[in-house]
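> What follows is run-v2.csv, CSV, C-alpha atoms.
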```
chain,number,residue,atom,x,y,z
A,1,MET,CA,-2.1,-25.3,-18.8
A,2,LYS,CA,-4.6,-28.1,-18.8
A,3,ALA,CA,-3.5,-31.3,-16.9
A,4,SER,CA,-4.6,-34.6,-18.3
A,5,HIS,CA,-4.9,-37.9,-16.3
A,6,LEU,CA,-2.4,-39.6,-18.7
A,7,GLY,CA,0.0,-36.7,-18.5
A,8,LEU,CA,-0.1,-36.6,-14.7
A,9,MET,CA,0.4,-40.3,-14.6
A,10,ILE,CA,3.4,-40.0,-16.9
A,11,VAL,CA,4.9,-37.2,-14.8
A,12,PHE,CA,4.3,-39.2,-11.6
A,13,ALA,CA,6.0,-42.3,-13.1
A,14,LEU,CA,8.9,-40.1,-14.2
A,15,PHE,CA,9.6,-38.8,-10.7
A,16,VAL,CA,9.2,-42.2,-9.0
A,17,SER,CA,11.4,-43.8,-11.6
A,18,VAL,CA,14.2,-41.2,-11.2
A,19,VAL,CA,14.2,-41.6,-7.4
A,20,PHE,CA,14.0,-45.4,-7.4
A,21,GLY,CA,16.5,-45.7,-10.2
A,22,THR,CA,19.0,-43.6,-8.3
A,23,LEU,CA,18.2,-45.2,-5.0
A,24,MET,CA,18.5,-48.9,-6.1
A,25,ARG,CA,21.6,-48.7,-8.3
A,26,ASP,CA,25.0,-47.2,-7.8
A,27,GLU,CA,26.5,-46.8,-11.3
A,28,PRO,CA,25.0,-44.0,-13.5
A,29,LYS,CA,24.5,-46.4,-16.5
A,30,ASP,CA,22.7,-48.9,-14.3
A,31,GLN,CA,20.6,-46.1,-12.7
A,32,LEU,CA,19.5,-45.0,-16.2
A,33,TRP,CA,18.6,-48.5,-17.3
A,34,PHE,CA,16.7,-49.4,-14.2
A,35,GLY,CA,14.9,-46.1,-14.2
A,36,ALA,CA,13.9,-46.5,-17.8
A,37,GLN,CA,12.6,-50.0,-17.1
A,38,LEU,CA,10.6,-48.8,-14.1
A,39,PHE,CA,9.2,-45.9,-16.1
A,40,THR,CA,8.1,-48.2,-18.9
A,41,ALA,CA,6.6,-50.6,-16.5
A,42,PHE,CA,4.6,-47.8,-14.7
A,43,VAL,CA,3.3,-46.3,-17.9
A,44,VAL,CA,2.5,-49.5,-19.8
A,45,GLY,CA,1.1,-51.1,-16.6
A,46,GLY,CA,-1.1,-48.0,-16.0
A,47,VAL,CA,-2.5,-47.9,-19.5
A,48,ALA,CA,-3.0,-51.7,-19.5
A,49,LEU,CA,-4.9,-51.6,-16.2
A,50,GLY,CA,-7.0,-48.7,-17.5
A,51,TRP,CA,-8.0,-50.8,-20.5
A,52,ILE,CA,-8.8,-53.8,-18.3
A,53,LEU,CA,-11.0,-51.7,-16.1
A,54,TYR,CA,-12.7,-50.2,-19.1
A,55,PHE,CA,-14.5,-53.6,-19.6
A,56,PHE,CA,-15.8,-53.5,-16.0
A,57,PRO,CA,-18.0,-50.4,-15.8
A,58,LEU,CA,-19.2,-49.2,-12.4
B,1,MET,CA,43.1,-50.3,15.9
B,2,ARG,CA,39.9,-50.4,18.1
B,3,ALA,CA,37.5,-47.4,18.1
B,4,THR,CA,37.2,-45.7,21.4
B,5,THR,CA,33.8,-44.8,23.0
B,6,ALA,CA,34.3,-41.2,22.1
B,7,ASP,CA,35.0,-42.1,18.4
B,8,ARG,CA,31.8,-44.2,18.3
B,9,GLU,CA,29.8,-41.4,19.9
B,10,GLN,CA,31.2,-38.8,17.4
B,11,SER,CA,30.4,-41.2,14.6
B,12,ALA,CA,26.9,-41.7,15.8
B,13,ILE,CA,26.3,-37.9,16.1
B,14,TYR,CA,27.7,-37.5,12.6
B,15,THR,CA,25.4,-40.2,11.2
B,16,TYR,CA,22.3,-38.5,12.8
B,17,LEU,CA,23.4,-35.1,11.5
B,18,ILE,CA,23.6,-36.6,8.0
B,19,CYS,CA,20.1,-38.1,8.5
B,20,LEU,CA,18.8,-34.7,9.7
B,21,ALA,CA,20.2,-32.9,6.7
B,22,ALA,CA,18.9,-35.7,4.4
B,23,TRP,CA,15.4,-35.2,5.8
B,24,ALA,CA,15.5,-31.4,5.9
B,25,ILE,CA,16.6,-31.0,2.3
B,26,PRO,CA,16.1,-33.9,-0.1
B,27,GLY,CA,19.5,-35.3,-1.3
B,28,ALA,CA,21.5,-33.2,1.1
B,29,GLY,CA,22.7,-36.2,3.0
B,30,HIS,CA,24.1,-37.8,-0.1
B,31,LEU,CA,25.7,-34.5,-1.2
B,32,LEU,CA,27.4,-34.2,2.2
B,33,LEU,CA,28.6,-37.8,1.9
B,34,GLY,CA,30.1,-36.9,-1.5
B,35,ARG,CA,27.6,-39.0,-3.5
B,36,ILE,CA,26.8,-36.2,-5.9
B,37,GLN,CA,25.5,-38.5,-8.7
B,38,LYS,CA,22.8,-39.7,-6.2
B,39,GLY,CA,22.2,-36.5,-4.2
B,40,LEU,CA,21.5,-34.2,-7.2
B,41,PRO,CA,18.8,-36.4,-8.8
B,42,PHE,CA,17.1,-36.7,-5.3
B,43,LEU,CA,17.3,-32.9,-4.8
B,44,ILE,CA,15.8,-32.1,-8.2
B,45,ALA,CA,13.2,-34.9,-8.5
B,46,LEU,CA,11.8,-34.8,-5.0
B,47,THR,CA,11.7,-31.0,-4.9
B,48,LEU,CA,9.9,-30.8,-8.3
B,49,MET,CA,7.5,-33.5,-7.3
B,50,PHE,CA,6.6,-31.6,-4.1
B,51,LEU,CA,6.1,-28.4,-6.0
B,52,CYS,CA,4.0,-30.2,-8.6
B,53,GLY,CA,1.8,-31.5,-5.8
B,54,LEU,CA,1.3,-28.0,-4.5
B,55,TRP,CA,0.6,-26.7,-8.0
B,56,LEU,CA,-2.0,-29.4,-8.6
B,57,GLY,CA,-3.9,-28.2,-5.5
B,58,GLY,CA,-2.9,-30.9,-3.1
B,59,ARG,CA,-3.3,-30.5,0.6
B,60,LEU,CA,-0.6,-30.6,3.3
B,61,PHE,CA,-2.6,-32.5,5.9
B,62,PRO,CA,-2.6,-31.4,9.6
B,63,VAL,CA,-1.8,-33.8,12.3
B,64,GLU,CA,-5.2,-34.9,13.6
B,65,LEU,CA,-4.9,-37.8,15.9
B,66,ARG,CA,-8.7,-38.3,15.9
B,67,GLN,CA,-8.5,-39.1,12.2
B,68,PRO,CA,-5.7,-41.7,11.9
B,69,LEU,CA,-5.6,-41.7,8.1
B,70,VAL,CA,-5.2,-37.9,8.1
B,71,ALA,CA,-2.5,-38.1,10.7
B,72,LEU,CA,-0.7,-40.7,8.6
B,73,ALA,CA,-0.9,-38.5,5.5
B,74,ALA,CA,0.5,-35.6,7.5
B,75,LEU,CA,3.4,-37.8,8.6
B,76,ALA,CA,4.0,-38.8,5.0
B,77,ASP,CA,3.8,-35.1,3.9
B,78,MET,CA,6.4,-34.1,6.6
B,79,GLY,CA,8.8,-36.6,5.1
B,80,ILE,CA,9.9,-33.9,2.6
B,81,GLY,CA,11.5,-31.9,5.3
B,82,ILE,CA,11.7,-28.1,5.6
B,83,ALA,CA,9.8,-27.5,2.4
B,84,PHE,CA,6.7,-28.8,4.2
B,85,PHE,CA,6.9,-26.2,7.0
B,86,ILE,CA,7.7,-23.4,4.5
B,87,ALA,CA,4.7,-24.4,2.4
B,88,ARG,CA,2.4,-24.6,5.4
B,89,SER,CA,3.6,-21.3,6.8
B,90,THR,CA,2.9,-19.5,3.5
B,91,GLY,CA,-0.5,-21.2,3.1
B,92,ALA,CA,0.6,-23.0,-0.1
B,93,GLY,CA,-0.7,-26.4,0.9
B,94,ALA,CA,-4.2,-25.4,1.8
B,95,GLY,CA,-5.6,-27.7,-0.9
B,96,ARG,CA,-8.4,-27.1,-3.4
B,97,VAL,CA,-10.9,-29.9,-2.8
B,98,VAL,CA,-12.9,-28.8,-5.9
B,99,ALA,CA,-9.9,-29.0,-8.2
B,100,LEU,CA,-9.9,-31.9,-10.6
B,101,THR,CA,-6.3,-32.5,-9.7
B,102,TYR,CA,-6.8,-32.4,-5.9
B,103,GLU,CA,-6.2,-36.2,-5.4
B,104,TYR,CA,-3.3,-36.2,-7.8
B,105,GLY,CA,-1.8,-33.3,-5.9
B,106,ASN,CA,-2.2,-35.3,-2.6
B,107,ALA,CA,-0.6,-38.4,-4.2
B,108,PHE,CA,2.4,-36.3,-5.4
B,109,LEU,CA,2.9,-34.7,-2.0
B,110,ILE,CA,2.5,-37.9,0.0
B,111,VAL,CA,4.7,-40.0,-2.3
B,112,ALA,CA,7.4,-37.3,-2.4
B,113,GLY,CA,7.5,-37.3,1.4
B,114,LEU,CA,7.6,-41.1,1.6
B,115,MET,CA,10.4,-41.4,-1.0
B,116,ASN,CA,12.4,-38.8,0.9
B,117,MET,CA,12.2,-41.1,4.0
B,118,LEU,CA,13.7,-43.9,1.9
B,119,VAL,CA,16.4,-41.5,0.8
B,120,VAL,CA,17.1,-40.7,4.5
B,121,LEU,CA,17.4,-44.5,5.2
B,122,ASP,CA,19.9,-44.8,2.3
B,123,ALA,CA,21.9,-41.9,3.6
B,124,PHE,CA,21.9,-43.6,7.0
B,125,ASP,CA,23.3,-46.8,5.5
B,126,ILE,CA,26.0,-45.0,3.6
B,127,ALA,CA,27.0,-43.0,6.7
B,128,GLN,CA,27.2,-46.3,8.7
B,129,GLY,CA,29.5,-47.8,6.0
B,130,ARG,CA,27.0,-50.5,5.0
B,131,LYS,CA,27.1,-49.3,1.3
```
Would you mind writing the structure in this file as structure tokens?


Amino acid sequence: MKASHLGLMIVFALFVSVVFGTLMRDEPKDQLWFGAQLFTAFVVGGVALGWILYFFPL
Amino acid sequence: MRATTADREQSAIYTYLICLAAWAIPGAGHLLLGRIQKGLPFLIALTLMFLCGLWLGGRLFPVELRQPLVALAALADMGIGIAFFIARSTGAGAGRVVALTYEYGNAFLIVAGLMNMLVVLDAFDIAQGRK
């Protein structure tokens, strides 16, 4: 199985979102909502940051 | 009714045992406290994250005091509990520096350990009756 950078970032975001969503909220519905928000923020933020850095080559 | 010194000592021992269990096995503290809807996601997510880190070729760092960053990474790795020592004893966390996913593996292992430390603190708060 070949691991891609985007795929690994999504898996990482998923694990962190699950843990923080569970940790920060008590009700299952709130946990799910907060976790989904975190996951979206991680993935969208990561991709956006990637595109911003694209315009600043090393 | 006022708590006696013996009651307080017993309560403190119980709290520390919960913390020890929470550190040793991710989510175990919450499960022992009856918070199954929290303990189960911790157990599954943190264990899988740790295993992913090993699969990606991450390294379980040794405690080297001469290299403070390595020592800090080792401390973070140890946060996952017994799994760290099992992996170390079986040689699973040797790390493949040449692997493309080496740094990803390290990030997974370190973050899994650090998040388990937060889970231990949460279990401590619940055991103390703050939550």

> Using all atoms listed in the file, determine which residues lie at most 8 Å from Phe15 (chain A), disregarding the query and same-chain residues fewer than 2 positions distant; provide the list as a ChimeraX atom specification.

/A:11-13,17-19 /B:45-46,49

> I'd like a table as JSON lines: residues in chain B with an atom no more than 8 Å from chain A, each row giving the shortest atom pair and its distance in Å to one decimal, only C-alpha atoms counted, sorted by chain and rising residue number.


```
{"residue": "B:Gln37", "atom": "CA", "partner": "A:Pro28", "partner_atom": "CA", "distance": 7.3}
{"residue": "B:Lys38", "atom": "CA", "partner": "A:Thr22", "partner_atom": "CA", "distance": 5.8}
{"residue": "B:Pro41", "atom": "CA", "partner": "A:Val18", "partner_atom": "CA", "distance": 7.1}
{"residue": "B:Phe42", "atom": "CA", "partner": "A:Val19", "partner_atom": "CA", "distance": 6.1}
{"residue": "B:Ala45", "atom": "CA", "partner": "A:Phe15", "partner_atom": "CA", "distance": 5.7}
{"residue": "B:Leu46", "atom": "CA", "partner": "A:Phe15", "partner_atom": "CA", "distance": 7.3}
{"residue": "B:Met49", "atom": "CA", "partner": "A:Phe15", "partner_atom": "CA", "distance": 6.6}
{"residue": "B:Thr101", "atom": "CA", "partner": "A:Ala3", "partner_atom": "CA", "distance": 7.8}
{"residue": "B:Tyr104", "atom": "CA", "partner": "A:Leu8", "partner_atom": "CA", "distance": 7.6}
{"residue": "B:Phe108", "atom": "CA", "partner": "A:Phe12", "partner_atom": "CA", "distance": 7.1}
{"residue": "B:Met115", "atom": "CA", "partner": "A:Val19", "partner_atom": "CA", "distance": 7.4}
{"residue": "B:Val119", "atom": "CA", "partner": "A:Leu23", "partner_atom": "CA", "distance": 7.1}
{"residue": "B:Asp122", "atom": "CA", "partner": "A:Leu23", "partner_atom": "CA", "distance": 7.5}
```

> Would you output that residue set with C-alpha atoms, as a short mmCIF file (atom, residue, chain, number, x, y, z; two decimals), in the frame of the given file?


```
data_model
loop_
_atom_site.label_atom_id
_atom_site.label_comp_id
_atom_site.auth_asym_id
_atom_site.auth_seq_id
_atom_site.Cartn_x
_atom_site.Cartn_y
_atom_site.Cartn_z
CA GLN B 37 25.50 -38.50 -8.70
CA LYS B 38 22.80 -39.70 -6.20
CA PRO B 41 18.80 -36.40 -8.80
CA PHE B 42 17.10 -36.70 -5.30
CA ALA B 45 13.20 -34.90 -8.50
CA LEU B 46 11.80 -34.80 -5.00
CA MET B 49 7.50 -33.50 -7.30
CA THR B 101 -6.30 -32.50 -9.70
CA TYR B 104 -3.30 -36.20 -7.80
CA PHE B 108 2.40 -36.30 -5.40
CA MET B 115 10.40 -41.40 -1.00
CA VAL B 119 16.40 -41.50 0.80
CA ASP B 122 19.90 -44.80 2.30
#
```

> Between B:Ile25, B:Val63, B:Leu20, B:Leu100, which is the closest to Asp77 (chain B) once you count only C-alpha atoms?

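Answer, going by the shortest atom-to-atom distance: B:Val63.
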
> Quick one, how far is CA of Tyr16 (chain B) from CA of Ala127 (chain B)?

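Separating CA of Tyr16 (chain B) from CA of Ala127 (chain B) is a distance of 8.9 Å.
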
> Using all atoms listed in the file, which of the listed residues (B:Gly57, B:Gly27, B:Gly34, B:Gly39) sits closest to Ala99 (chain B)?

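Residue with the minimum atom-to-atom distance to Ala99 (chain B): B:Gly57.
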